[in-house]
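Dropping upload.csv in here (CSV, C-alpha atoms (C1' of nucleotides)):
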```csv
chain,number,residue,atom,x,y,z
P,1,MET,CA,102.7,118.0,74.8
P,2,THR,CA,100.1,116.7,77.1
P,3,LYS,CA,98.2,119.1,79.2
P,4,THR,CA,98.0,117.0,82.3
P,5,ASN,CA,101.1,117.4,84.4
P,6,ARG,CA,102.6,114.6,86.5
P,7,GLU,CA,101.8,115.9,89.9
P,8,ASP,CA,98.2,116.3,89.1
P,9,ARG,CA,98.0,112.8,87.9
P,10,GLY,CA,99.8,111.4,90.9
P,11,ALA,CA,97.7,113.3,93.3
P,12,THR,CA,94.4,112.3,91.7
P,13,ILE,CA,95.0,108.6,91.2
P,14,ASP,CA,94.3,107.9,94.8
P,15,ALA,CA,91.3,110.2,94.9
P,16,GLN,CA,89.9,108.6,91.8
P,17,PHE,CA,90.2,105.0,93.0
P,18,LYS,CA,88.7,106.1,96.4
P,19,ALA,CA,85.9,107.9,94.6
P,20,LEU,CA,85.2,104.8,92.5
P,21,SER,CA,85.4,102.4,95.4
P,22,ASP,CA,81.9,103.2,96.6
P,23,GLY,CA,78.9,101.7,95.0
P,24,THR,CA,76.5,104.6,95.5
P,25,ARG,CA,79.1,106.9,93.9
P,26,ARG,CA,79.7,104.7,91.0
P,27,ALA,CA,75.9,104.4,90.4
P,28,LEU,CA,75.7,108.2,90.4
P,29,LEU,CA,78.5,108.5,88.0
P,30,GLU,CA,77.1,105.8,85.8
P,31,HIS,CA,73.8,107.6,85.7
P,32,LEU,CA,75.6,110.8,84.6
P,33,VAL,CA,77.4,108.9,81.9
P,34,ARG,CA,74.3,107.3,80.6
P,35,GLU,CA,71.8,110.2,81.0
P,36,GLY,CA,74.1,113.2,80.8
P,37,GLU,CA,74.1,116.3,83.0
P,38,GLN,CA,71.8,116.1,86.0
P,39,SER,CA,70.7,118.3,88.8
P,40,VAL,CA,71.2,117.3,92.4
P,41,HIS,CA,67.5,117.0,92.7
P,42,ALA,CA,67.3,114.5,89.9
P,43,LEU,CA,70.2,112.6,91.2
P,44,THR,CA,68.7,112.4,94.6
P,45,ALA,CA,65.5,110.9,93.1
P,46,VAL,CA,67.5,108.2,91.5
P,47,SER,CA,70.2,107.5,94.1
P,48,GLY,CA,68.2,106.0,97.0
P,49,VAL,CA,70.0,108.1,99.5
P,50,SER,CA,69.3,111.6,101.0
P,51,GLN,CA,70.0,114.8,99.2
P,52,PRO,CA,72.8,115.9,101.5
P,53,MET,CA,74.5,112.5,100.9
P,54,VAL,CA,74.2,113.1,97.1
P,55,SER,CA,75.8,116.5,97.6
P,56,ARG,CA,78.7,115.0,99.5
P,57,HIS,CA,79.2,112.2,97.0
P,58,MET,CA,79.2,114.7,94.2
P,59,ALA,CA,81.7,116.9,96.1
P,60,LYS,CA,84.0,113.9,96.3
P,61,LEU,CA,83.6,113.0,92.7
P,62,LYS,CA,84.4,116.6,91.8
P,63,ARG,CA,87.5,116.6,94.0
P,64,ALA,CA,88.5,113.5,92.1
P,65,GLU,CA,87.9,115.4,88.9
P,66,LEU,CA,85.5,112.9,87.6
P,67,VAL,CA,82.6,115.4,87.2
P,68,THR,CA,82.2,119.0,86.4
P,69,VAL,CA,79.8,121.4,88.0
P,70,ARG,CA,77.5,124.0,86.4
P,71,ARG,CA,75.3,126.2,88.6
P,72,ALA,CA,72.2,127.7,87.1
P,73,GLY,CA,70.0,129.6,89.4
P,74,ARG,CA,69.2,127.5,92.4
P,75,GLU,CA,70.1,124.3,90.7
P,76,THR,CA,73.5,122.6,90.5
P,77,PHE,CA,74.1,120.4,87.5
P,78,TYR,CA,76.8,117.8,87.5
P,79,ALA,CA,78.2,116.0,84.5
P,80,ALA,CA,80.7,113.3,83.9
P,81,ARG,CA,84.0,115.1,83.1
P,82,ALA,CA,85.6,114.4,79.8
P,83,LYS,CA,88.9,112.6,80.2
P,84,GLY,CA,88.2,112.3,83.9
P,85,LEU,CA,89.1,108.7,84.0
P,86,ALA,CA,92.5,109.3,82.4
P,87,PRO,CA,94.6,108.8,85.5
P,88,VAL,CA,92.9,105.5,86.3
P,89,VAL,CA,93.2,104.4,82.7
P,90,GLN,CA,96.8,105.4,82.9
P,91,TRP,CA,97.4,103.2,85.9
P,92,MET,CA,95.6,100.3,84.3
P,93,ALA,CA,97.7,100.8,81.2
P,94,VAL,CA,100.9,100.5,83.2
P,95,TYR,CA,100.1,97.9,85.8
P,96,GLY,CA,97.1,96.2,84.2
P,97,ALA,CA,98.5,95.5,80.8
P,98,LEU,CA,100.2,92.4,82.1
P,99,TRP,CA,96.9,91.0,83.2
P,100,SER,CA,94.6,91.9,80.4
P,101,GLN,CA,95.2,93.3,77.0
P,102,ARG,CA,91.7,94.1,76.1
P,103,PHE,CA,91.4,97.5,77.5
P,104,THR,CA,94.6,98.9,75.9
P,105,ALA,CA,92.3,99.8,73.0
P,106,LEU,CA,90.7,102.3,75.3
P,107,GLU,CA,91.3,105.9,74.4
P,108,GLY,CA,92.3,108.7,76.7
P,109,ILE,CA,95.7,107.4,77.5
P,110,GLU,CA,97.5,110.2,75.8
P,111,ALA,CA,101.0,109.3,77.0
R,1,MET,CA,78.6,76.8,82.9
R,2,THR,CA,79.0,79.0,85.8
R,3,LYS,CA,81.9,81.0,84.7
R,4,THR,CA,81.0,84.4,85.8
R,5,ASN,CA,77.4,85.2,86.7
R,6,ARG,CA,76.3,88.7,87.1
R,7,GLU,CA,76.1,88.8,90.9
R,8,ASP,CA,79.6,87.5,91.1
R,9,ARG,CA,80.8,90.2,88.9
R,10,GLY,CA,78.9,92.9,90.7
R,11,ALA,CA,80.3,91.7,94.0
R,12,THR,CA,83.8,91.5,92.7
R,13,ILE,CA,83.9,94.9,91.0
R,14,ASP,CA,83.1,96.6,94.3
R,15,ALA,CA,85.8,94.5,96.1
R,16,GLN,CA,88.3,95.3,93.4
R,17,PHE,CA,87.8,99.1,93.4
R,18,LYS,CA,87.9,99.0,97.2
R,19,ALA,CA,91.1,96.9,97.1
R,20,LEU,CA,92.7,99.3,94.7
R,21,SER,CA,91.6,102.4,96.6
R,22,ASP,CA,94.4,102.1,99.1
R,23,GLY,CA,97.9,103.3,98.3
R,24,THR,CA,99.7,100.7,100.3
R,25,ARG,CA,97.8,97.9,98.6
R,26,ARG,CA,98.4,99.4,95.2
R,27,ALA,CA,102.1,99.6,96.0
R,28,LEU,CA,102.1,95.9,97.0
R,29,LEU,CA,100.3,94.9,93.9
R,30,GLU,CA,102.6,97.0,91.7
R,31,HIS,CA,105.5,95.3,93.3
R,32,LEU,CA,104.1,91.9,92.5
R,33,VAL,CA,103.5,93.0,88.9
R,34,ARG,CA,107.0,94.3,88.5
R,35,GLU,CA,108.9,91.7,90.5
R,36,GLY,CA,106.7,88.6,90.2
R,37,GLU,CA,105.7,86.2,93.0
R,38,GLN,CA,106.9,87.4,96.5
R,39,SER,CA,106.7,86.0,100.0
R,40,VAL,CA,105.0,87.9,102.8
R,41,HIS,CA,108.5,88.4,104.3
R,42,ALA,CA,109.8,90.0,101.2
R,43,LEU,CA,106.7,92.2,100.8
R,44,THR,CA,107.0,93.4,104.3
R,45,ALA,CA,110.6,94.5,103.7
R,46,VAL,CA,109.4,96.6,100.9
R,47,SER,CA,106.0,97.9,102.1
R,48,GLY,CA,106.9,100.1,105.0
R,49,VAL,CA,104.2,98.6,107.1
R,50,SER,CA,104.2,95.8,109.7
R,51,GLN,CA,104.0,92.1,108.7
R,52,PRO,CA,100.5,91.6,110.0
R,53,MET,CA,99.4,94.6,108.0
R,54,VAL,CA,100.9,93.1,104.9
R,55,SER,CA,99.0,89.8,105.6
R,56,ARG,CA,95.8,91.7,106.0
R,57,HIS,CA,96.3,93.7,102.8
R,58,MET,CA,97.1,90.6,100.9
R,59,ALA,CA,94.0,88.9,102.3
R,60,LYS,CA,92.0,91.7,100.9
R,61,LEU,CA,93.6,91.6,97.5
R,62,LYS,CA,93.0,87.9,97.5
R,63,ARG,CA,89.3,88.3,98.3
R,64,ALA,CA,89.2,90.8,95.4
R,65,GLU,CA,90.8,88.0,93.3
R,66,LEU,CA,93.6,90.2,92.3
R,67,VAL,CA,96.3,87.9,93.6
R,68,THR,CA,96.8,84.1,94.0
R,69,VAL,CA,98.4,82.4,96.9
R,70,ARG,CA,100.9,79.5,97.0
R,71,ARG,CA,102.1,78.1,100.3
R,72,ALA,CA,105.5,76.4,100.4
R,73,GLY,CA,106.6,75.3,103.8
R,74,ARG,CA,106.3,78.1,106.2
R,75,GLU,CA,106.3,80.7,103.5
R,76,THR,CA,103.4,82.1,101.7
R,77,PHE,CA,103.9,83.4,98.2
R,78,TYR,CA,101.6,85.9,96.5
R,79,ALA,CA,101.4,86.7,92.9
R,80,ALA,CA,99.3,89.0,90.7
R,81,ARG,CA,96.5,87.0,89.4
R,82,ALA,CA,96.1,86.6,85.7
R,83,LYS,CA,92.9,88.3,84.5
R,84,GLY,CA,92.3,89.6,88.0
R,85,LEU,CA,91.6,93.0,86.7
R,86,ALA,CA,89.0,91.9,84.3
R,87,PRO,CA,85.9,93.2,86.2
R,88,VAL,CA,87.4,96.6,86.6
R,89,VAL,CA,88.6,96.6,83.0
R,90,GLN,CA,85.1,95.6,82.0
R,91,TRP,CA,83.7,98.5,83.9
R,92,MET,CA,86.2,100.9,82.4
R,93,ALA,CA,85.4,99.6,78.9
R,94,VAL,CA,81.7,100.1,79.3
R,95,TYR,CA,81.6,103.4,81.0
R,96,GLY,CA,84.8,104.7,79.6
R,97,ALA,CA,83.4,104.1,76.1
R,98,LEU,CA,80.1,105.8,76.9
R,99,TRP,CA,82.1,108.5,78.5
R,100,SER,CA,84.3,109.3,75.5
R,101,GLN,CA,81.4,108.6,73.1
R,102,ARG,CA,79.4,111.3,74.9
R,103,PHE,CA,82.2,113.8,74.9
R,104,THR,CA,83.9,113.3,71.6
R,105,ALA,CA,81.7,116.1,70.2
R,106,LEU,CA,82.5,118.4,73.1
R,107,GLU,CA,86.2,118.4,73.1
R,108,GLY,CA,87.6,121.6,74.4
R,109,ILE,CA,84.6,122.8,76.3
R,110,GLU,CA,85.7,121.8,79.8
R,111,ALA,CA,87.2,124.6,81.8
S,1,DT,C1',57.1,140.4,100.5
S,2,DT,C1',56.2,135.8,101.7
S,3,DC,C1',56.3,131.0,100.5
S,4,DT,C1',58.7,127.2,98.2
S,5,DT,C1',62.3,124.9,96.0
S,6,DT,C1',67.1,123.6,95.6
S,7,DC,C1',71.3,122.8,97.5
S,8,DA,C1',75.3,122.7,100.7
S,9,DT,C1',76.9,122.4,105.4
S,10,DA,C1',76.9,121.2,110.3
S,11,DA,C1',76.0,118.0,114.0
S,12,DT,C1',75.9,113.4,115.0
S,13,DC,C1',76.4,108.4,114.8
S,14,DA,C1',77.6,103.5,113.7
S,15,DA,C1',80.6,100.9,111.0
S,16,DA,C1',84.6,100.2,108.3
S,17,DT,C1',89.5,100.9,107.7
S,18,DG,C1',94.4,101.3,108.3
S,19,DG,C1',97.7,100.9,111.6
S,20,DT,C1',100.0,98.9,115.7
S,21,DT,C1',101.7,95.3,119.2
S,22,DA,C1',101.0,90.7,121.1
S,23,DT,C1',100.3,85.8,120.5
S,24,DG,C1',100.4,81.3,118.7
S,25,DG,C1',100.8,77.7,115.2
S,26,DA,C1',103.7,75.4,111.7
S,27,DA,C1',108.0,74.6,109.3
S,28,DT,C1',113.0,74.8,109.4
S,29,DG,C1',117.5,74.4,111.7
S,30,DG,C1',120.7,73.5,115.7
T,1,DC,C1',114.2,68.5,121.8
T,2,DC,C1',114.6,73.4,121.6
T,3,DA,C1',115.2,77.7,119.2
T,4,DT,C1',114.1,80.4,115.3
T,5,DT,C1',111.7,82.0,111.3
T,6,DC,C1',107.5,82.9,108.8
T,7,DC,C1',102.9,83.9,108.8
T,8,DA,C1',98.0,84.7,110.2
T,9,DT,C1',94.9,86.1,113.8
T,10,DA,C1',93.4,88.7,117.9
T,11,DA,C1',93.0,92.7,120.6
T,12,DC,C1',93.1,97.4,120.4
T,13,DC,C1',93.2,102.3,118.8
T,14,DA,C1',92.5,106.5,115.9
T,15,DT,C1',90.6,108.1,111.8
T,16,DT,C1',87.7,108.0,107.9
T,17,DT,C1',83.5,107.2,105.9
T,18,DG,C1',78.6,106.5,104.6
T,19,DA,C1',74.5,107.7,106.3
T,20,DT,C1',70.9,110.4,108.7
T,21,DT,C1',68.3,114.8,110.3
T,22,DA,C1',68.5,119.7,111.0
T,23,DT,C1',69.5,124.2,109.4
T,24,DG,C1',70.3,128.1,106.6
T,25,DA,C1',71.3,130.6,102.2
T,26,DA,C1',69.9,131.7,97.7
T,27,DA,C1',66.9,131.7,93.8
T,28,DG,C1',62.2,131.5,91.9
T,29,DA,C1',57.2,131.7,92.3
T,30,DA,C1',52.9,133.9,94.2
```
As structure tokens, how would this structure be written, given the file I've shared?
Amino acid sequence: MTKTNREDRGATIDAQFKALSDGTRRALLEHLVREGEQSVHALTAVSGVSQPMVSRHMAKLKRAELVTVRRAGRETFYAARAKGLAPVVQWMAVYGALWSQRFTALEGIEA
Amino acid sequence: MTKTNREDRGATIDAQFKALSDGTRRALLEHLVREGEQSVHALTAVSGVSQPMVSRHMAKLKRAELVTVRRAGRETFYAARAKGLAPVVQWMAVYGALWSQRFTALEGIEA
DNA sequence: TTCTTTCATAATCAAATGGTTATGGAATGG
DNA sequence: CCATTCCATAACCATTTGATTATGAAAGAA
């Protein structure tokens, strides 16, 4: 009864880990999680890198389905995507459970 | 008293995400988790890549503190390291929690 | 309309990365 | 002693990647 199909999950797991493997991208994502939806302009001000780089980082996060996009006029707002971490959490649940129990309490596993 | 200072953790989290961002490395790690301690020779037979590549992948996993090494004669045995995933789990716990917290009220909105 | 703001894309570059083959050092076995 | 097995490192190559500046489209302001 879950909405996410297997192929989708398998395909995105690599993209997600790759997306999360860069510090700048994680910082951007963390900012979105903490502060909520943000424009590229706002993200640029915070990120310490150029605006084009922010655009490219966000594009990668979007491909990894970790953020959603909302365009309003000339602005583009990005937000952390609900359940975006599910594939990674899933992987952790399967392969990480042997190493650490703590995170099994995390929600979003839905399997 | 120096269990895990913040810099250490910050450095490790990046190394860990990077280590996990490669499919071959994840496969090797998954194999260790499922089958237990394995020699480089055995890992090479399973990995589909050359022996030197396995050595390099394992070195990276070791730097990320995701595996431990045990040398016995001319063989080198690697094993998934207990609590190795802790930093990543920590990150997931912190941001995953904020994540779901932020979105619990918005279920069903995403397209 | 004209100027300005916001953003994405293209061109470019240096560095990192994943892969290979070649090599050499230690153990093990004849 | 000599050959073999196991592993790590070096040398090398192609691709990816993080970053920059330059450019242009589109929306808003004047």
Item to check | Nearby residues (only C-alpha atoms (C1' of nucleotides)) at most 12 Å from DT12 in chain S, same-chain spacing under 6 positions excluded, as a list in words | outcome: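 The contact residues come out as DA19, DT20, DT21 and DA22 of chain T.
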Item to check | Non-local contacts of Tyr95 in chain P (7 Å; all atoms listed in the file; under 3 positions in same chain excluded) as a PyMOL selection string | outcome: (chain P and resi 91-92+98) or (chain R and resi 30+33)
Next on the checklist: I'd like the interatomic distance between CA of Leu20 in chain R and CA of Gly23 in chain P, to a tenth of an Å.
Outcome noted: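 Separation between CA of Leu20 in chain R and CA of Gly23 in chain P: 14.0 Å.
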Checklist entry - CA of Val67 in chain P to CA of Ala79 in chain P: how many Å, to one decimal? => result 5.2 Å
Please determine the contact residues of chain P with respect to chain T at a cut-off of 8 Å, counting all atoms listed in the file, and supply them as a compact mmCIF listing (two decimals) with C-alpha atoms, in the coordinates of the input.
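Below is the file iface35.txt, written as the result:
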```
# COMPACT_ATOMS: atom_id res chain seq x y z
CA SER P 50 69.30 111.60 101.00
CA MET P 53 74.50 112.50 100.90
CA GLY P 73 70.00 129.60 89.40
CA ARG P 74 69.20 127.50 92.40
```
Using only C-alpha atoms (C1' of nucleotides), I'd like a table of the residues in chain S that come within 9 Å of chain P; for each, show the closest atom pair and its distance in Å rounded to one decimal, ordered by chain and ascending number, as JSON lines.
```
{"residue": "S:DT5", "atom": "C1'", "partner": "P:Arg74", "partner_atom": "CA", "distance": 8.2}
{"residue": "S:DT6", "atom": "C1'", "partner": "P:Arg74", "partner_atom": "CA", "distance": 5.5}
{"residue": "S:DC7", "atom": "C1'", "partner": "P:Glu75", "partner_atom": "CA", "distance": 7.1}
{"residue": "S:DA8", "atom": "C1'", "partner": "P:Ser55", "partner_atom": "CA", "distance": 6.9}
{"residue": "S:DT9", "atom": "C1'", "partner": "P:Pro52", "partner_atom": "CA", "distance": 8.6}
```
Next on the checklist: Contacts from chain R to chain P, 7 Å maximum, only C-alpha atoms: show me the residue list as number ranges by chain.
Outcome noted: R: 14, 17-18, 20-21, 23, 30, 33, 82-86, 89, 93, 95, 98-100, 103
Checklist entry - In Å, how far is it from CA of Glu37 in chain R to CA of Tyr78 in chain R? => result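 The value is 5.4 Å.
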Next on the checklist: I need the residue nearest Ala72 in chain P from this list: P:His31, P:Arg25, P:Gln38, P:Val49. Use all atoms listed in the file for the distance.
Outcome noted: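 Between P:His31, P:Arg25, P:Gln38, P:Val49, the residue approaching Ala72 in chain P most closely is P:Gln38.
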